[in-house]
Every structure is written in C-alpha cells, then in structure tokens.
Amino acid sequence: MNNTLQMMKDIDKYLSPSIIESAKKCAKRLMSALNNDSCDRQKTVLLAYGGGKDSSYMVAYIRYVQGLVLAEKGDTFLLRIVTNRHAGMNDSVMENIDRVYQALKIHGDELVECLITDGLLIRPFQRHLIMPDAVRCQNRMDVLMNGHRFQADARSTFCNACNLSMVNSFGMAAHYNGGVDIIITGDSTHEQTAYIAWARHLSRLFKAPKTEQHHGFSGFLETLDGVAKAYFSNIYGVDNVDPAHRIIFKLPRDPLFFNIYQDTAYEAGAHWTLLSDFMHFSFDPLMFSFSESDCGNPTLMAHIRGLRAETLLKRSYKEGIREYVHFALGLMRQKDFPPHLIAEMAQRYKDDDAIVSQRQRAEQFALDAFNLTTEHLTCMIYSPFTERGRNLATYLVQENLHFSVDDIHKLLGDSSTPNNTSLSGDLQQLSGLTLPQLRQCYGSLLVNSLLEGKSADPLARILRFDPHKAVIQVSNGVTQEVVSEVISGR
C-alpha cells in the first residue's frame, strides 16, 4: 500500500470526526486553488515546519489532506516541508521532527520533499545533519550585536535577526528545484494582511528602496530584503552586511497563500493524543520553554532577566527570574496553551532550588548553543560601549573592572589611534565582540526603553511596535528607587 494511504489508515483513529470533516473541506478548497491554472504538471505545496507542537500538527493535517486528495483523485500534490534551523535549536528538535516524519510515513515517500535551511544552505532533511559552524557563528554575532544595541532586550536580542532569517528560508524553499505553487499558512486573512502592512511599515521606516515587484509573495520578499539590508546595515555597518542577512525574492513562479485557519484549530490541547501517542512528540526540557516553537532561547531570555536584576539593578537573580516567569506565563495563557503545559513551566521555576537548577541549565545552553559566557551576557546587559560609551562608567564601577575609561574611549573612538593590543584583547574577552564590532557599537545609538520617549530611531520603533511586551515596576538596588521598565520575551 502507498505510504500516504497507509498513513491515513493509521492516523484516522486519532482524528475526531469534526477534524476529518474539516480536512475534506480543506482538500476541496486546496485542489480548487491548485487547479486555477491550465498547467498539467504536478503542483507543489510548501509548508514551514519549526519542529514545535503547533507546526507538528499542521504537518499532520496537511499530510492527511494530501492523502484525501490521493484517495479521491488517484493523484495528489507534492508536499514540500522546510525547517529553518538556528543555534537556539538543539538536537532534540531534529529528533522530534524525525519522529513526526516516521509516524506520518514521510521518509521514502516520493510525494513529500523535506528540506533543512542552515543560513544560505538548503538540503534534504537528515536526522543527524550537522549545523555548519558558520551558521552557529553568525547566530552568535547576531545575538551579541543586537544585544549591545538593545541593551539585551529579550525579543530584539534573539528574535529580530531570527525572524528575518525565517523569511529568507521561505524564499529559499520557494525558489528551490523549480519553485512552488502554494504556501500553506495557519494565519487568518486578518493576520496575513497585518504581516503585509508590517512589512510595508518597516520598509518606510528604514527607507528601503521601492520594490520592482508590486504584489504577490515575490514582492513581499523583495520588500523585506530591502528591510533586511537596511536593518543589518544599521547593526553591523553598511559595508558589513553578510549575504546570509539578505532575503531571496526572485522566484521561478509566484506562489499563492492558502490558509487553513478557517478549517481547524491547531492548539495542542485539541489534539494531544495525536501529538503524544501517534507522532511521539516529546517536550524537551530546554526546547519547550514558554514558547509555541521548539527553541531554547526563551530560557536564555529568562536567564538574562535574572542576570539583569543581579548585576545592573543589584537586586537578586531570583527576583528577575520571577518577573520574567510571571510575564511569560501570562503570554502562554494569552496564546491558549494547555493548562498542564503552563503548570509544567511554572513548576520549572517553582522555588529557589528550582531557579538555581534552571540557571545552571541556561548557563550551559548559552555556552553550547552560542559560546556565550555569563561574562559576555553581563556585558551585553550593560551595553557599555554603545553610543560612545554611554553606560561605560556604570559598567566598570558596578562590575568592579579596573580599566581606564579614557583609554577605552581612545581605543574605540578613533580607528587611527595605535592599537592597544592588551586592552583590545581584554574588551573582546569581556564582550565577545571583535574590535571593529566594538567600534561599530561605539558609533551607534543605544535603543532606549520605550518609556524614555518616542525616538525617531527605526530600531526603537521596531521595539515599540512589538506586541510581546509589558510594563512592570522594579526596584533599583543601587538607588532604592522604584521605576517602570519594559519587559519583552516569548
């Protein structure tokens, strides 16, 4: 029996009658969309798969739809699945993806094409595919350079570059091997419209050049390529934008968007047995961390909040952690996470001993994923070299570092100044940044808290419009003042 048809027989008992009925309606809509043109070649449908619980369900749902079409028509579309990897995803994500693919009988099925993007490299999925060192190094630099501009704001430090990379993976997969006809999304029409408006807003914000393509997915990608170029020019300098920071937009054909939002609810609580018993999805202690995606970075976001309280604010690590946990559990509730997953995250930080254990885990993950030490993260929290050393004196005094402020200003402020090799090495060890990167930070603006007024800086406006944030009251252990701060994360 064909793999696809056998999969349908196996999965049927895990799907409710309402889901099966919705899949049949979805199949009809999808085939109608695919048959809009007169071309008689096999059509290709693209689906992004991050390896998390929600996207695992989407893979199962579309795979089932593919089977429904095959059973009725005797032929069906080619399903192309792409996963964009980054350093914050450990091997357990690949293991989960592999288990899902096995359960859905995808391996060896000529009707499915599974891909992995690592930076600018796109390859067929393999369980033990090694991530290139260059990608891990680029991810590390993105965290540091963004972190030193945004003073370690969680979303900006970890998500800005990652989000643009994810868009590029769509472009790469839509360009690969002749292109695709349709891109599947779980976003509502309202959300899709919001994304397009967001892209145009960013384009105006960064004064990106007008696109040659004025509509469609290619135009959307071209707009965001202009945004990416302008954004990373701001972060790294005009002459230091890596090709991996750009976005592919010249596609063999322009695919249509097709959303399944109206067909099915894909929250984990609605299909827990399918995830756990059929696809054997496993919630890794690091990769499941507040977020709907499989990524360890939210653990680092919490860790950095703890470090911020302990270092910059001279309070305690556990106070900062509890601030983040309270905020992030609230986000989970807003996103309708199953209650037992919310309870699991709360349990992970339930008392002082648990927080100590999580701190050790976060420190090890920072080293393993990004080669970042606590010293590097602490330096990023102060962002002491950015905006001509605005926070430099505070950093040196509070962290008890015995360096000459004047010597640092001379080293970073004038590239023609003879290089102080010893000082340069010390600053690189503290920050994780090279001397040219330190000088780039030195000549760039700090992105200030949203509470400090409306800045014209486009980076500040990105932060201002990020929805995953809140204003909280915190005490400063140095001044004893209670102040308002913005906390962000996922």
# chains A, B, ... in the order shown; residues from 1 in each chain; ligands from 1
$ residues_around --residues "A:Glu485" --least-positions-apart "5" --cutoff "7 Å" --atoms "only C-alpha atoms" --output "mmCIF file with N, CA and C atoms, in the first residue's frame"
data_model
loop_
_atom_site.group_PDB
_atom_site.id
_atom_site.type_symbol
_atom_site.label_atom_id
_atom_site.label_comp_id
_atom_site.auth_asym_id
_atom_site.auth_seq_id
_atom_site.Cartn_x
_atom_site.Cartn_y
_atom_site.Cartn_z
ATOM 1 N N VAL A 471 4.821 46.488 30.630
ATOM 2 C CA VAL A 471 5.483 47.456 31.523
ATOM 3 C C VAL A 471 5.349 46.939 32.949
ATOM 4 N N ILE A 472 6.479 46.837 33.638
ATOM 5 C CA ILE A 472 6.468 46.359 35.020
ATOM 6 C C ILE A 472 7.185 47.364 35.920
ATOM 7 N N GLN A 473 6.924 47.256 37.222
ATOM 8 C CA GLN A 473 7.583 48.098 38.212
ATOM 9 C C GLN A 473 8.711 47.305 38.868
ATOM 10 N N VAL A 474 9.912 47.863 38.882
ATOM 11 C CA VAL A 474 11.052 47.183 39.503
ATOM 12 C C VAL A 474 11.786 48.161 40.418
#
$ select_by_dssp --residues "stretch 37-133 of chain A" --states "alpha helix (DSSP H)" --output "PyMOL selection string"
chain A and resi 53-73+91-103+133
$ residues_around --residues "A:Leu104" --least-positions-apart "5" --cutoff "8 Å" --atoms "only C-alpha atoms" --output "JSON, numbers by chain"
{"A": [4, 7, 60, 63, 279]}
$ write_last_selection --atoms "N, CA and C atoms" --output "CSV table (one decimal), in the first residue's frame"
chain,number,residue,atom,x,y,z
A,4,THR,N,1.4,7.1,1.7
A,4,THR,CA,0.4,8.1,2.1
A,4,THR,C,-0.9,7.5,2.5
A,7,MET,N,-0.6,5.8,5.8
A,7,MET,CA,-0.6,6.8,6.9
A,7,MET,C,-2.0,7.2,7.3
A,60,ALA,N,0.9,17.2,10.2
A,60,ALA,CA,0.0,16.0,10.1
A,60,ALA,C,-1.3,16.4,9.4
A,63,ARG,N,-0.6,16.7,5.6
A,63,ARG,CA,-0.3,15.3,5.1
A,63,ARG,C,-1.6,14.5,5.0
A,279,MET,N,2.4,10.6,17.0
A,279,MET,CA,3.6,11.2,16.5
A,279,MET,C,4.7,11.2,17.5
$ closest_residue --among "A:Met31, A:Ile355, A:Met145, A:Leu274" --to "A:Ser233" --atoms "only C-alpha atoms"
A:Met145
$ atom_distance --atom1 "atom CA of A:Phe150" --atom2 "atom CA of A:Gly51"
28.2 Å
$ residues_around --residues "A:Val82" --least-positions-apart "3" --cutoff "7 Å" --atoms "only C-alpha atoms" --output "short mmCIF file (atom, residue, chain, number, x, y, z; two decimals) with C-alpha atoms, in the first residue's frame"
data_model
loop_
_atom_site.label_atom_id
_atom_site.label_comp_id
_atom_site.auth_asym_id
_atom_site.auth_seq_id
_atom_site.Cartn_x
_atom_site.Cartn_y
_atom_site.Cartn_z
CA LEU A 47 4.75 24.23 4.41
CA ALA A 48 7.15 25.64 7.01
CA TYR A 49 7.87 23.37 9.97
CA CYS A 114 11.66 17.53 3.36
CA LEU A 115 14.26 20.28 3.50
CA ILE A 116 16.50 21.98 6.04
CA ALA A 173 12.31 26.88 -0.26
#
$ closest_residue --among "A:Ser444, A:Gln428, A:Ser484, A:Gln126" --to "A:Cys379" --atoms "only C-alpha atoms"
A:Gln428
$ residues_around --residues "A:Ser289" --least-positions-apart "2" --cutoff "7 Å" --atoms "only C-alpha atoms" --output "compact mmCIF listing (two decimals) with N, CA and C atoms, in the first residue's frame"
# COMPACT_ATOMS: atom_id res chain seq x y z
N LEU A 286 14.61 21.87 27.54
CA LEU A 286 15.13 23.16 27.07
C LEU A 286 14.32 23.71 25.91
N MET A 287 14.00 22.86 24.95
CA MET A 287 13.36 23.35 23.73
C MET A 287 11.90 23.74 23.96
N SER A 291 7.43 29.05 24.93
CA SER A 291 7.07 29.41 23.57
C SER A 291 6.36 28.29 22.84
N GLY A 296 15.39 26.98 22.46
CA GLY A 296 15.84 27.19 23.83
C GLY A 296 16.05 28.65 24.20
N PRO A 298 14.01 31.21 24.76
CA PRO A 298 13.25 31.77 25.88
C PRO A 298 13.86 31.45 27.25
N THR A 299 14.54 30.31 27.36
CA THR A 299 15.25 30.01 28.61
C THR A 299 16.34 31.05 28.85
$ residues_around --residues "A:Tyr349" --least-positions-apart "3" --cutoff "8 Å" --atoms "only C-alpha atoms" --output "number ranges by chain"
A: 322, 325, 345-346, 352, 354-355, 358
$ write_last_selection --atoms "N, CA and C atoms" --output "PDB file, in the first residue's frame"
ATOM      1  N   ARG A 322      11.665  35.664  38.513  1.00  0.00           N
ATOM      2  CA  ARG A 322      10.227  35.636  38.816  1.00  0.00           C
ATOM      3  C   ARG A 322       9.462  36.700  38.038  1.00  0.00           C
ATOM      4  N   VAL A 325       9.119  35.046  34.577  1.00  0.00           N
ATOM      5  CA  VAL A 325       8.203  33.905  34.605  1.00  0.00           C
ATOM      6  C   VAL A 325       6.757  34.385  34.689  1.00  0.00           C
ATOM      7  N   MET A 345       5.661  24.662  33.116  1.00  0.00           N
ATOM      8  CA  MET A 345       6.620  25.774  33.107  1.00  0.00           C
ATOM      9  C   MET A 345       6.694  26.438  34.478  1.00  0.00           C
ATOM     10  N   ALA A 346       5.558  26.608  35.147  1.00  0.00           N
ATOM     11  CA  ALA A 346       5.550  27.202  36.487  1.00  0.00           C
ATOM     12  C   ALA A 346       6.338  26.326  37.456  1.00  0.00           C
ATOM     13  N   ASP A 352      13.372  28.480  45.053  1.00  0.00           N
ATOM     14  CA  ASP A 352      14.766  28.905  44.891  1.00  0.00           C
ATOM     15  C   ASP A 352      15.646  27.791  44.329  1.00  0.00           C
ATOM     16  N   ALA A 354      14.768  25.281  42.428  1.00  0.00           N
ATOM     17  CA  ALA A 354      14.434  25.084  41.016  1.00  0.00           C
ATOM     18  C   ALA A 354      15.054  26.181  40.154  1.00  0.00           C
ATOM     19  N   ILE A 355      15.059  27.410  40.659  1.00  0.00           N
ATOM     20  CA  ILE A 355      15.646  28.529  39.915  1.00  0.00           C
ATOM     21  C   ILE A 355      17.158  28.334  39.771  1.00  0.00           C
ATOM     22  N   GLN A 358      17.653  25.786  37.045  1.00  0.00           N
ATOM     23  CA  GLN A 358      17.410  26.368  35.730  1.00  0.00           C
ATOM     24  C   GLN A 358      18.535  27.325  35.320  1.00  0.00           C
TER      25      GLN A 358
END
